[in-house]
$ cat input_9.txt   # compact mmCIF, C-alpha atoms and all ligand atoms
# COMPACT_ATOMS: atom_id res chain seq x y z
CA MET A 23 27.54 -29.79 56.07
CA ARG A 24 29.11 -27.15 53.89
CA VAL A 25 26.72 -25.71 51.32
CA GLU A 26 28.37 -24.42 48.17
CA THR A 27 27.80 -20.82 47.14
CA VAL A 28 25.32 -20.19 44.34
CA ILE A 29 24.81 -17.09 42.21
CA THR A 30 21.58 -17.06 40.21
CA VAL A 31 20.94 -15.27 36.93
CA ASP A 32 17.27 -15.20 35.92
CA GLY A 33 15.15 -13.37 33.38
CA PRO A 34 13.42 -13.81 30.05
CA SER A 35 15.31 -14.95 26.96
CA GLY A 36 17.28 -12.39 25.00
CA THR A 37 18.26 -10.28 28.00
CA GLY A 38 21.84 -11.53 27.89
CA LYS A 39 21.50 -13.68 31.01
CA GLY A 40 23.12 -16.71 29.38
CA THR A 41 26.10 -14.60 28.33
CA LEU A 42 26.43 -13.08 31.79
CA ALA A 43 26.07 -16.42 33.56
CA GLN A 44 28.71 -18.09 31.38
CA ARG A 45 31.12 -15.20 31.82
CA LEU A 46 30.69 -15.25 35.58
CA ALA A 47 31.26 -19.02 35.67
CA ARG A 48 34.48 -18.67 33.67
CA HIS A 49 35.62 -15.66 35.67
CA LEU A 50 35.17 -17.42 39.01
CA GLY A 51 36.08 -20.91 37.75
CA TRP A 52 32.71 -22.20 39.00
CA HIS A 53 30.21 -24.72 37.63
CA PHE A 54 27.46 -23.55 35.32
CA LEU A 55 23.87 -24.77 35.19
CA ASP A 56 21.95 -24.00 32.02
CA SER A 57 18.49 -24.94 33.30
CA GLY A 58 16.79 -23.87 30.07
CA ALA A 59 18.77 -26.58 28.29
CA LEU A 60 17.25 -29.19 30.62
CA TYR A 61 13.74 -28.10 29.63
CA ARG A 62 14.72 -27.92 25.96
CA ILE A 63 16.28 -31.40 26.10
CA THR A 64 13.22 -32.83 27.85
CA ALA A 65 10.94 -31.36 25.17
CA LEU A 66 13.08 -32.66 22.31
CA GLY A 67 13.76 -36.05 23.85
CA THR A 68 10.13 -36.76 24.64
CA GLU A 69 9.06 -35.63 21.20
CA ALA A 70 11.59 -38.01 19.61
CA ALA A 71 10.35 -40.81 21.86
CA GLY A 72 6.75 -40.18 20.80
CA ILE A 73 5.63 -39.00 24.26
CA ALA A 74 2.90 -36.35 23.94
CA PRO A 75 3.22 -33.04 25.87
CA THR A 76 -0.12 -33.96 27.49
CA ASP A 77 1.25 -37.28 28.84
CA THR A 78 2.46 -35.96 32.20
CA ALA A 79 3.44 -39.35 33.60
CA GLY A 80 5.39 -40.16 30.43
CA LEU A 81 7.18 -36.81 30.50
CA CYS A 82 8.16 -37.20 34.15
CA ALA A 83 9.39 -40.75 33.69
CA PHE A 84 11.52 -39.57 30.77
CA ALA A 85 12.90 -36.63 32.77
CA ALA A 86 13.81 -38.93 35.64
CA ARG A 87 15.72 -41.41 33.51
CA MET A 88 17.19 -39.29 30.70
CA ASP A 89 20.93 -39.49 30.48
CA VAL A 90 22.08 -35.97 29.78
CA ALA A 91 25.70 -35.13 29.35
CA PHE A 92 25.78 -31.39 29.02
CA ALA A 93 28.30 -29.88 31.25
CA THR A 94 27.36 -26.56 29.81
CA ARG A 95 26.47 -24.75 26.67
CA PHE A 96 29.81 -23.04 26.84
CA ALA A 97 31.64 -26.31 26.94
CA GLY A 98 30.06 -27.03 23.63
CA SER A 99 28.19 -30.20 23.05
CA ILE A 100 24.95 -31.50 24.51
CA VAL A 101 24.52 -35.25 24.34
CA LEU A 102 21.20 -36.98 25.08
CA ASP A 103 21.15 -40.76 25.41
CA GLY A 104 24.30 -40.95 23.30
CA ALA A 105 23.18 -38.58 20.52
CA GLU A 106 24.71 -35.15 19.93
CA ILE A 107 21.80 -32.65 19.82
CA SER A 108 23.49 -29.30 20.51
CA ASP A 109 22.35 -27.54 17.35
CA GLN A 110 18.79 -28.71 17.71
CA VAL A 111 18.67 -27.62 21.35
CA ARG A 112 19.47 -24.03 20.42
CA LEU A 113 16.74 -23.62 17.78
CA GLU A 114 14.01 -21.04 18.47
CA GLU A 115 11.35 -23.70 18.09
CA SER A 116 13.04 -25.84 20.77
CA GLY A 117 12.71 -22.91 23.19
CA ALA A 118 9.02 -22.67 22.36
CA LYS A 119 8.56 -26.42 22.88
CA ALA A 120 10.46 -26.18 26.17
CA SER A 121 8.15 -23.48 27.46
CA ILE A 122 5.15 -25.76 26.88
CA VAL A 123 6.51 -28.68 28.94
CA ALA A 124 7.96 -26.22 31.48
CA ALA A 125 4.41 -25.16 32.41
CA ILE A 126 3.69 -28.67 33.79
CA PRO A 127 4.16 -28.64 37.60
CA GLU A 128 4.98 -32.37 37.85
CA LEU A 129 7.71 -32.04 35.25
CA ARG A 130 9.24 -29.08 37.08
CA ALA A 131 9.25 -31.16 40.24
CA ALA A 132 10.90 -34.06 38.39
CA LEU A 133 13.75 -31.76 37.28
CA LEU A 134 14.26 -30.00 40.61
CA GLN A 135 16.80 -32.33 42.24
CA ARG A 136 18.69 -32.74 38.97
CA GLN A 137 19.25 -28.98 38.99
CA ARG A 138 20.22 -28.87 42.67
CA ASP A 139 22.80 -31.59 42.05
CA PHE A 140 24.84 -29.03 40.09
CA ARG A 141 25.67 -27.34 43.39
CA GLN A 142 29.23 -28.61 43.67
CA PRO A 143 32.50 -27.11 44.92
CA PRO A 144 33.83 -24.50 44.34
CA GLY A 145 30.46 -22.89 43.50
CA LEU A 146 27.66 -22.61 40.95
CA ILE A 147 26.31 -20.03 38.56
CA ALA A 148 22.70 -20.99 37.74
CA ASP A 149 20.99 -19.57 34.66
CA GLY A 150 17.21 -19.77 34.23
CA ARG A 151 13.79 -18.41 35.11
CA ASP A 152 13.25 -19.63 38.67
CA MET A 153 16.80 -20.16 39.95
CA GLY A 154 16.52 -17.44 42.61
CA THR A 155 12.86 -18.04 43.48
CA VAL A 156 12.48 -21.85 43.55
CA VAL A 157 15.59 -23.90 42.83
CA PHE A 158 18.15 -21.97 44.91
CA PRO A 159 16.15 -19.60 47.14
CA ASP A 160 19.17 -19.43 49.49
CA ALA A 161 21.57 -18.23 46.75
CA ALA A 162 24.20 -15.77 47.97
CA LEU A 163 23.57 -13.36 45.14
CA LYS A 164 20.68 -13.13 42.69
CA PHE A 165 20.57 -11.23 39.43
CA TYR A 166 17.43 -10.67 37.36
CA LEU A 167 18.00 -9.30 33.87
CA THR A 168 15.31 -7.49 31.93
CA ALA A 169 15.04 -5.80 28.52
CA SER A 170 12.09 -4.76 26.36
CA ALA A 171 10.64 -7.41 24.06
CA GLU A 172 11.53 -5.18 21.08
CA GLU A 173 15.20 -4.96 22.07
CA ARG A 174 15.38 -8.71 22.72
CA ALA A 175 13.80 -9.51 19.35
CA HIS A 176 16.23 -7.14 17.69
CA ARG A 177 19.27 -8.78 19.33
CA ARG A 178 18.06 -12.23 18.35
CA TYR A 179 17.40 -11.04 14.81
CA LYS A 180 20.96 -9.75 14.47
CA GLN A 181 22.39 -13.02 15.86
CA LEU A 182 20.38 -15.16 13.44
CA ILE A 183 21.04 -12.98 10.41
CA ASN A 184 24.77 -13.12 11.19
CA LYS A 185 24.51 -16.91 11.26
CA GLY A 186 22.89 -16.81 7.82
CA VAL A 187 19.43 -17.79 9.12
CA ASP A 188 16.58 -16.08 7.28
CA VAL A 189 14.05 -14.80 9.86
CA SER A 190 11.58 -11.97 10.18
CA LEU A 191 11.89 -9.49 13.03
CA ARG A 192 8.13 -9.38 13.40
CA SER A 193 7.77 -13.15 13.83
CA LEU A 194 10.65 -13.18 16.35
CA LEU A 195 8.93 -10.45 18.36
CA ARG A 196 5.65 -12.37 18.24
CA ASP A 197 7.37 -15.57 19.43
CA ILE A 198 9.17 -13.76 22.26
CA GLN A 199 5.95 -12.15 23.44
CA ALA A 200 4.10 -15.49 23.34
CA ARG A 201 6.88 -17.21 25.30
CA ASP A 202 7.01 -14.37 27.88
CA GLU A 203 3.27 -14.61 28.33
CA ARG A 204 3.39 -18.39 28.83
CA ASP A 205 6.37 -18.20 31.20
CA SER A 206 4.97 -15.37 33.33
CA THR A 207 1.39 -16.55 33.67
CA ARG A 208 1.95 -20.24 34.43
CA ALA A 209 0.75 -21.47 37.81
CA VAL A 210 4.06 -22.94 38.99
CA ALA A 211 7.35 -21.02 39.19
CA PRO A 212 6.21 -18.15 36.98
CA LEU A 213 8.90 -15.87 35.63
CA ARG A 214 9.42 -13.11 38.20
CA PRO A 215 12.35 -11.64 40.12
CA ALA A 216 13.11 -12.94 43.60
CA GLU A 217 12.43 -10.31 46.26
CA ASP A 218 16.13 -10.06 47.01
CA ALA A 219 17.27 -10.00 43.36
CA ILE A 220 19.37 -7.23 41.86
CA ILE A 221 17.41 -6.11 38.79
CA VAL A 222 19.49 -5.08 35.79
CA ASP A 223 17.79 -3.48 32.80
CA THR A 224 20.05 -4.37 29.87
CA ASP A 225 18.21 -2.34 27.19
CA THR A 226 20.97 0.23 26.94
CA LEU A 227 23.89 -1.78 28.34
CA THR A 228 26.50 -3.74 26.41
CA ALA A 229 27.36 -7.30 27.49
CA ASP A 230 30.68 -5.95 28.85
CA ALA A 231 28.90 -3.30 30.90
CA VAL A 232 26.49 -5.90 32.37
CA PHE A 233 29.42 -8.15 33.25
CA ALA A 234 31.35 -5.29 34.87
CA LEU A 235 28.30 -4.33 36.92
CA ALA A 236 27.74 -7.91 38.04
CA CYS A 237 31.42 -8.27 39.01
CA GLN A 238 31.12 -5.19 41.22
CA HIS A 239 28.25 -6.86 43.09
CA VAL A 240 30.10 -10.19 43.33
CA ASP A 241 33.11 -8.41 44.75
CA ALA A 242 31.08 -6.22 47.14
CA ARG A 243 28.80 -9.00 48.41
CA LEU A 244 31.07 -12.05 48.32
CA GLY A 245 34.53 -10.55 48.23
CA LEU A 246 35.35 -12.56 45.10
CA ARG A 247 37.39 -11.00 42.33
CA GLY A 248 37.70 -14.00 40.04
CA ALA A 249 40.45 -16.35 39.03
O1 LIG B 301 16.49 -20.11 28.78
P1 LIG B 301 15.92 -20.89 27.62
O2 LIG B 301 15.46 -20.03 26.48
O3 LIG B 301 16.83 -21.98 27.17
O4 LIG B 301 14.63 -21.62 28.21
C1 LIG B 301 13.69 -22.27 27.38
C2 LIG B 301 12.36 -22.35 28.09
O5 LIG B 301 12.48 -23.24 29.21
C3 LIG B 301 11.85 -21.03 28.69
O6 LIG B 301 11.07 -20.27 27.79
C4 LIG B 301 11.03 -21.49 29.88
O7 LIG B 301 9.72 -21.80 29.51
C5 LIG B 301 11.69 -22.78 30.30
N1 LIG B 301 12.52 -22.60 31.49
C6 LIG B 301 11.90 -22.64 32.71
N2 LIG B 301 12.63 -22.57 33.85
C7 LIG B 301 13.95 -22.44 33.80
C8 LIG B 301 14.63 -22.36 32.55
C9 LIG B 301 13.86 -22.44 31.40
O8 LIG B 301 10.68 -22.74 32.79
N3 LIG B 301 14.64 -22.39 34.93
$ encode --input "input_9.txt" --output "structure tokens"
Amino acid sequence: MRVETVITVDGPSGTGKGTLAQRLARHLGWHFLDSGALYRITALGTEAAGIAPTDTAGLCAFAARMDVAFATRFAGSIVLDGAEISDQVRLEESGAKASIVAAIPELRAALLQRQRDFRQPPGLIADGRDMGTVVFPDAALKFYLTASAEERAHRRYKQLINKGVDVSLRSLLRDIQARDERDSTRAVAPLRPAEDAIIVDTDTLTADAVFALACQHVDARLGLRGA
């Protein structure tokens, strides 16, 4: 059986991994998995359904049956059980809620096959925390993006201020550090680079420079130059 090629892009939030993953997917004309959105949607959907984050069986049952139509964040809208929830999914607090349910091993297991199902022709770019380590350990190419918490908070601050959202840099930094801590110390699928990942420190790189660097690796390793 032919197994479709996967490129994984992992790392903490604010490193530019979502931007890189989306650009690579467009460039190659491949599918795109935004795994963080799955955790965000599970957190929001269960909250709306009155299922407590401590109710593991309830969370898993929800994750197994939820009807999620979200081709991608770049395609625009995310629809859960018929309701459009894109804006809510992207809120900072939804990321924080996601990281709480994401620490539950049974829930991660319940979402595993759903993520693997995105592996369709002609190929997949998978964006997340454990794409290269757990979900697609056999990926052809693995990127792991890093950046200091200060730089990530600063980028997020600029994004939100530009959108007219009133936030404090200090509280963003605190939230990012708390989320990093929770994501890296959890027992299952903690945030860490795969042994065979290419580590890219984006502190001093523009999004264009990160994309150009990634394309060089894609070309060198897979002989793919894009559509
Ligand atoms: O990437 P994003 O910020 O959307 O992810 C939200 C949260 O979902 C992360 O902080 C992390 O706790 C969780 N997550 C995860 N595994 C993934 C993707 C996201 O645990 N593959």
$ closest_residue --input "input_9.txt" --among "A:Asn184, A:Thr168, A:Thr155, A:Thr228" --to "Pro212 (chain A)" --atoms "all atoms listed in the file"
A:Thr155
$ residues_around --input "input_9.txt" --residues "Ala229 (chain A)" --least-positions-apart "2" --cutoff "9 Å" --atoms "all atoms listed in the file" --output "VMD selection string"
chain A and resid 38 41 to 42 224 227 231 to 234
$ residues_near_ligand --input "input_9.txt" --ligand "ligand LIG 301 (chain B)" --cutoff "6 Å" --atoms "only C-alpha atoms and all ligand atoms" --output "ChimeraX atom specification"
/A:35,57-59,61-62,117,120-121,124,150-153,201,205
$ write_last_selection --input "input_9.txt" --atoms "C-alpha atoms" --output "PDB file, in the frame of the given file"
ATOM      1  CA  SER A  35      15.310 -14.950  26.960  1.00  0.00           C
ATOM      2  CA  SER A  57      18.490 -24.940  33.300  1.00  0.00           C
ATOM      3  CA  GLY A  58      16.790 -23.870  30.070  1.00  0.00           C
ATOM      4  CA  ALA A  59      18.770 -26.580  28.290  1.00  0.00           C
ATOM      5  CA  TYR A  61      13.740 -28.100  29.630  1.00  0.00           C
ATOM      6  CA  ARG A  62      14.720 -27.920  25.960  1.00  0.00           C
ATOM      7  CA  GLY A 117      12.710 -22.910  23.190  1.00  0.00           C
ATOM      8  CA  ALA A 120      10.460 -26.180  26.170  1.00  0.00           C
ATOM      9  CA  SER A 121       8.150 -23.480  27.460  1.00  0.00           C
ATOM     10  CA  ALA A 124       7.960 -26.220  31.480  1.00  0.00           C
ATOM     11  CA  GLY A 150      17.210 -19.770  34.230  1.00  0.00           C
ATOM     12  CA  ARG A 151      13.790 -18.410  35.110  1.00  0.00           C
ATOM     13  CA  ASP A 152      13.250 -19.630  38.670  1.00  0.00           C
ATOM     14  CA  MET A 153      16.800 -20.160  39.950  1.00  0.00           C
ATOM     15  CA  ARG A 201       6.880 -17.210  25.300  1.00  0.00           C
ATOM     16  CA  ASP A 205       6.370 -18.200  31.200  1.00  0.00           C
TER      17      ASP A 205
END
$ closest_residue --input "input_9.txt" --among "A:Ile198, A:Val240, A:Val210, A:Ala86" --to "Tyr179 (chain A)" --atoms "only C-alpha atoms"
A:Ile198
$ closest_residue --input "input_9.txt" --among "A:Pro127, A:Gly186, A:Gly51, A:Pro144" --to "Ala79 (chain A)" --atoms "all atoms listed in the file"
A:Pro127
$ closest_residue --input "input_9.txt" --among "A:Thr30, A:Ser108, A:Glu203, A:Leu46" --to "Leu235 (chain A)" --atoms "all atoms listed in the file"
A:Leu46
$ residues_around --input "input_9.txt" --residues "Ala200 (chain A)" --least-positions-apart "5" --cutoff "12 Å" --atoms "all atoms listed in the file" --output "list in words"
Pro34, Ser35, Gly117, Ala118, Lys119, Ser121, Ile122, Ala171, Ser193, Leu194, Leu195, Asp205, Ser206 and Thr207 of chain A
$ residues_around --input "input_9.txt" --residues "Pro143 (chain A)" --least-positions-apart "3" --cutoff "12 Å" --atoms "only C-alpha atoms" --output "list in words"
Arg24, Val25, Glu26, Thr27, Val28, Leu50, Gly51, Trp52, His53, Phe54, Asp139, Phe140, Leu146 and Ile147 of chain A
$ atom_distance --input "input_9.txt" --atom1 "CA of Tyr166 (chain A)" --atom2 "CA of Asp32 (chain A)"
4.8 Å
$ atom_distance --input "input_9.txt" --atom1 "CA of Val90 (chain A)" --atom2 "CA of Gly33 (chain A)"
23.9 Å
$ closest_residue --input "input_9.txt" --among "A:Gln137, A:Gln142, A:Ser116, A:Gln238" --to "Leu66 (chain A)" --atoms "all atoms listed in the file"
A:Ser116
$ closest_residue --input "input_9.txt" --among "A:Asp223, A:Glu69, A:Asp197, A:Asp241" --to "Leu167 (chain A)" --atoms "all atoms listed in the file"
A:Asp223
$ residues_near_point --input "input_9.txt" --point "(5.4, -31.3, 36.3)" --cutoff "10 Å" --atoms "only C-alpha atoms" --output "PDB file with C-alpha atoms, keeping the file's coordinate frame"
ATOM      1  CA  THR A  78       2.460 -35.960  32.200  1.00  0.00           C
ATOM      2  CA  ALA A  79       3.440 -39.350  33.600  1.00  0.00           C
ATOM      3  CA  LEU A  81       7.180 -36.810  30.500  1.00  0.00           C
ATOM      4  CA  CYS A  82       8.160 -37.200  34.150  1.00  0.00           C
ATOM      5  CA  ALA A  85      12.900 -36.630  32.770  1.00  0.00           C
ATOM      6  CA  VAL A 123       6.510 -28.680  28.940  1.00  0.00           C
ATOM      7  CA  ALA A 124       7.960 -26.220  31.480  1.00  0.00           C
ATOM      8  CA  ALA A 125       4.410 -25.160  32.410  1.00  0.00           C
ATOM      9  CA  ILE A 126       3.690 -28.670  33.790  1.00  0.00           C
ATOM     10  CA  PRO A 127       4.160 -28.640  37.600  1.00  0.00           C
ATOM     11  CA  GLU A 128       4.980 -32.370  37.850  1.00  0.00           C
ATOM     12  CA  LEU A 129       7.710 -32.040  35.250  1.00  0.00           C
ATOM     13  CA  ARG A 130       9.240 -29.080  37.080  1.00  0.00           C
ATOM     14  CA  ALA A 131       9.250 -31.160  40.240  1.00  0.00           C
ATOM     15  CA  ALA A 132      10.900 -34.060  38.390  1.00  0.00           C
ATOM     16  CA  LEU A 133      13.750 -31.760  37.280  1.00  0.00           C
ATOM     17  CA  LEU A 134      14.260 -30.000  40.610  1.00  0.00           C
ATOM     18  CA  VAL A 210       4.060 -22.940  38.990  1.00  0.00           C
TER      19      VAL A 210
END
